Amino acid sequence: MRHNSHPPALHRQDGKTIIVTGASAGLGYFASEQLAAAGATVVMAARDEARGRAALEAVRSTVHGADVRFQQLDLASLDSVRQAAEELADLGRIDALLANAGVIGSQALHFTTDGFELQFGTNHLGHFALIARLMPALTRSHSRVVHVGSISHRWVRPDFRRAAVPAKYSSYRSYALSKLAVMSFGFELAHRLEAAGSPASSVVAHPGYARRYFTPDRPGLQLSQPATRWQRLLFGLVAQGKDAGAWPLAQATAVDDVRNGDYWGPDGRFQLAGSPAVVTPERHARERNAASRLIDLSEELTGVRLRL
């Protein structure tokens with residue numbers, strides 16, 4: 001069981017500015033903490049301002065001298081994405097964008113402000129619009145974009161148009177499709193950036209099987225989840241905490257020798273837990289025809305063009 005081990009040390013990130021979406025809880029919080037501990041200025045983006053500022057204070061109380069800032073961002077609203085992108089573009093320098101935020105599971109069918117299925121609309125379309133709007137700033141800063149995928153991509157195939165407004169709803173399938181879309185976009189963006197001769201890069205990372213059962217709390221934040229002895233024994237064989245799940249995300253964001261198009265995740269059995277490493281996705285996540293159709297669909301639905 002690896003969920004109690006310590007994160008691998010990051011190279012110093014002094015002078016770098018890194019944006020983390022979904023930074024008020026879970027993986028986004030711990031990635032922010034790890035990056036701040038390495039000396040980066042971390043812009044912690046979150047939908048709820050009160051929770052976001054509580055997360056800021058938790059990082060400051062945990063990491064001496066942490067330079068963290070809050071950015072309001074609701075990825076389920078394209079208006080919010082547009083406003084946030086305008087504000088973030090004024091940072092002057094963006095060294096990396098960790099596109100982490102996401103909705104995980106919804107028993108009933110819910111929609112974003114703009115009428116898209118909540119998980120697909122938030123996890124993929126919101127981030128697509130944010131990245132596309134920030135692309136001039138990301139290219140200018142030689143930035144790295146890190147897209148957060150999931151092992152759930154293994155069990156679905158590209159069917160993205162139906163994912164946006166499903167005729168038949170399955171919470172798990174919608175989540176898995178949203179994460180496959182995130183990964184397909186991330187890998188295709190890497191190809192297009194390289195073809196365009198862009199100094200920006202695109203990589204994908206995933207946290208393995210990260211559960212709140214093994215996650216430590218932080219001052220003012222309830223990040224853990226109570227578990228029975230049997231739950232701990234069962235999940236302890238295959239899972240790790242959100243803090244450990246954030247390691248591959250932070251490594252993919254900060255390590256110098258990360259290459260455009262890489263896929264990072266835990267190095268353990270079935271990529272469920274372990275130390276950060278370059279790992280292998282399922283072949284269909286790198287299927288370029290499906291990814292090109294996804295980008296066309298994303299531009300159509302969001303009204304935002306991806307210009308490199």
# chains A, B, ... in the order shown; residues from 1 in each chain; ligands from 1
call {"tool": "residues_around", "arguments": {"residues": "stretch 276-288 of chain A", "least_positions_apart": "6", "cutoff": "10 Å", "atoms": "only C-alpha atoms", "output": "ChimeraX atom specification"}}
result
/A:7-8,149-151,153-158,179-188,191,204-208,244-252,258-259,261-268,294
call {"tool": "select_by_dssp", "arguments": {"residues": "stretch 113-283 of chain A", "states": "strand (DSSP E or B)", "output": "list of chain:residue names"}}
result
A:Glu117, A:Arg144, A:Val145, A:Val146, A:His147, A:Val148, A:Ser201, A:Ser202, A:Val203, A:Val204, A:Ala205, A:Ala210, A:Arg211, A:Arg218, A:Leu221, A:Gln240, A:Gly241, A:Tyr263, A:Trp264, A:Gly265, A:Pro266, A:Pro276, A:Ala277, A:Val278
call {"tool": "select_by_dssp", "arguments": {"residues": "stretch 73-285 of chain A", "states": "alpha helix (DSSP H)", "output": "ChimeraX atom specification"}}
result
/A:78-89,118-120,127-140,160-164,171-195,229-236,242-254
call {"tool": "residues_around", "arguments": {"residues": "A:His142", "least_positions_apart": "2", "cutoff": "8 Å", "atoms": "only C-alpha atoms", "output": "mmCIF file with all heavy atoms, in the first residue's frame"}}
result
data_model
loop_
_atom_site.group_PDB
_atom_site.id
_atom_site.type_symbol
_atom_site.label_atom_id
_atom_site.label_comp_id
_atom_site.auth_asym_id
_atom_site.auth_seq_id
_atom_site.Cartn_x
_atom_site.Cartn_y
_atom_site.Cartn_z
ATOM 1 N N ASP A 95 3.510 29.788 -17.034
ATOM 2 C CA ASP A 95 4.455 28.713 -17.343
ATOM 3 C C ASP A 95 3.761 27.374 -17.535
ATOM 4 O O ASP A 95 4.245 26.532 -18.291
ATOM 5 C CB ASP A 95 5.510 28.614 -16.243
ATOM 6 C CG ASP A 95 6.409 29.832 -16.230
ATOM 7 O OD1 ASP A 95 7.354 29.879 -17.035
ATOM 8 O OD2 ASP A 95 6.145 30.757 -15.429
ATOM 9 N N LEU A 138 -0.508 31.315 -23.747
ATOM 10 C CA LEU A 138 0.247 30.086 -23.495
ATOM 11 C C LEU A 138 1.397 29.947 -24.474
ATOM 12 O O LEU A 138 2.511 29.543 -24.106
ATOM 13 C CB LEU A 138 -0.687 28.878 -23.597
ATOM 14 C CG LEU A 138 -1.830 28.817 -22.571
ATOM 15 C CD1 LEU A 138 -2.784 27.678 -22.911
ATOM 16 C CD2 LEU A 138 -1.295 28.641 -21.158
ATOM 17 N N THR A 139 1.165 30.277 -25.730
ATOM 18 C CA THR A 139 2.219 30.191 -26.737
ATOM 19 C C THR A 139 3.303 31.226 -26.461
ATOM 20 O O THR A 139 4.501 30.931 -26.542
ATOM 21 C CB THR A 139 1.629 30.414 -28.144
ATOM 22 O OG1 THR A 139 0.648 29.400 -28.395
ATOM 23 C CG2 THR A 139 2.705 30.341 -29.210
ATOM 24 N N ARG A 140 2.886 32.412 -26.119
ATOM 25 C CA ARG A 140 3.844 33.486 -25.837
ATOM 26 C C ARG A 140 4.753 33.139 -24.669
ATOM 27 O O ARG A 140 5.934 33.505 -24.639
ATOM 28 C CB ARG A 140 3.071 34.778 -25.553
ATOM 29 C CG ARG A 140 3.931 36.016 -25.384
ATOM 30 C CD ARG A 140 3.079 37.266 -25.386
ATOM 31 N NE ARG A 140 2.085 37.272 -24.320
ATOM 32 C CZ ARG A 140 0.769 37.184 -24.511
ATOM 33 N NH1 ARG A 140 0.283 37.085 -25.743
ATOM 34 N NH2 ARG A 140 -0.076 37.203 -23.496
ATOM 35 N N ARG A 144 3.262 24.919 -20.740
ATOM 36 C CA ARG A 144 2.880 23.507 -20.782
ATOM 37 C C ARG A 144 1.447 23.380 -20.293
ATOM 38 O O ARG A 144 1.109 23.876 -19.221
ATOM 39 C CB ARG A 144 3.814 22.682 -19.902
ATOM 40 C CG ARG A 144 3.510 21.186 -19.907
ATOM 41 C CD ARG A 144 4.419 20.455 -18.937
ATOM 42 N NE ARG A 144 5.816 20.619 -19.308
ATOM 43 C CZ ARG A 144 6.845 20.294 -18.513
ATOM 44 N NH1 ARG A 144 6.619 19.783 -17.316
ATOM 45 N NH2 ARG A 144 8.084 20.466 -18.905
ATOM 46 N N SER A 198 5.006 25.444 -32.515
ATOM 47 C CA SER A 198 4.726 26.245 -31.326
ATOM 48 C C SER A 198 5.679 25.894 -30.193
ATOM 49 O O SER A 198 6.039 24.724 -30.010
ATOM 50 C CB SER A 198 3.284 25.999 -30.866
ATOM 51 O OG SER A 198 3.039 26.642 -29.624
ATOM 52 N N PRO A 199 6.077 26.880 -29.399
ATOM 53 C CA PRO A 199 6.912 26.594 -28.228
ATOM 54 C C PRO A 199 6.116 26.030 -27.062
ATOM 55 O O PRO A 199 6.691 25.569 -26.078
ATOM 56 C CB PRO A 199 7.488 27.966 -27.870
ATOM 57 C CG PRO A 199 6.444 28.938 -28.333
ATOM 58 C CD PRO A 199 5.870 28.330 -29.589
ATOM 59 N N ALA A 200 4.777 26.054 -27.134
ATOM 60 C CA ALA A 200 3.942 25.475 -26.082
ATOM 61 C C ALA A 200 3.894 23.962 -26.235
ATOM 62 O O ALA A 200 4.215 23.419 -27.294
ATOM 63 C CB ALA A 200 2.534 26.059 -26.139
ATOM 64 N N SER A 201 3.502 23.265 -25.171
ATOM 65 C CA SER A 201 3.418 21.811 -25.216
ATOM 66 C C SER A 201 2.163 21.345 -24.499
ATOM 67 O O SER A 201 1.560 22.082 -23.707
ATOM 68 C CB SER A 201 4.662 21.171 -24.581
ATOM 69 O OG SER A 201 4.777 21.543 -23.212
#
call {"tool": "atom_distance", "arguments": {"atom1": "atom CA of A:Ile295", "atom2": "atom CA of A:Gly28"}}
result
25.0 Å
call {"tool": "closest_residue", "arguments": {"among": "A:Glu87, A:Glu117, A:Glu194, A:Asp217", "to": "A:Val59", "atoms": "only C-alpha atoms"}}
result
A:Asp217
call {"tool": "residues_around", "arguments": {"residues": "stretch 104-109 of chain A", "least_positions_apart": "6", "cutoff": "12 Å", "atoms": "only C-alpha atoms", "output": "count of residues only"}}
result
30
call {"tool": "atom_distance", "arguments": {"atom1": "atom CA of A:Ala99", "atom2": "atom CA of A:Asn260"}}
result
15.6 Å
call {"tool": "residues_around", "arguments": {"residues": "stretch 29-35 of chain A", "least_positions_apart": "2", "cutoff": "8 Å", "atoms": "only C-alpha atoms", "output": "VMD selection string"}}
result
chain A and resid 10 13 20 22 to 27 37 to 40 42 44 55 59 62 to 63 242 to 243 246 to 247 249 to 250 254
call {"tool": "atom_distance", "arguments": {"atom1": "atom CA of A:Ala210", "atom2": "atom CA of A:Gln225"}}
result
12.0 Å
call {"tool": "closest_residue", "arguments": {"among": "A:Arg53, A:Arg47, A:Arg269, A:His147", "to": "A:Leu189", "atoms": "only C-alpha atoms"}}
result
A:His147
call {"tool": "residues_around", "arguments": {"residues": "A:Pro219", "least_positions_apart": "2", "cutoff": "8 Å", "atoms": "only C-alpha atoms", "output": "list of chain:residue names"}}
result
A:Ala58, A:Ser61, A:Asp217, A:Leu221
call {"tool": "write_last_selection", "arguments": {"atoms": "C-alpha atoms", "output": "PDB file, in the first residue's frame"}}
result
ATOM      1  CA  ALA A  58      -4.655  26.005   3.908  1.00  0.00           C
ATOM      2  CA  SER A  61      -0.531  27.450   6.641  1.00  0.00           C
ATOM      3  CA  ASP A 217      -7.068  16.834   5.952  1.00  0.00           C
ATOM      4  CA  LEU A 221     -10.501  21.803   4.826  1.00  0.00           C
TER       5      LEU A 221
END
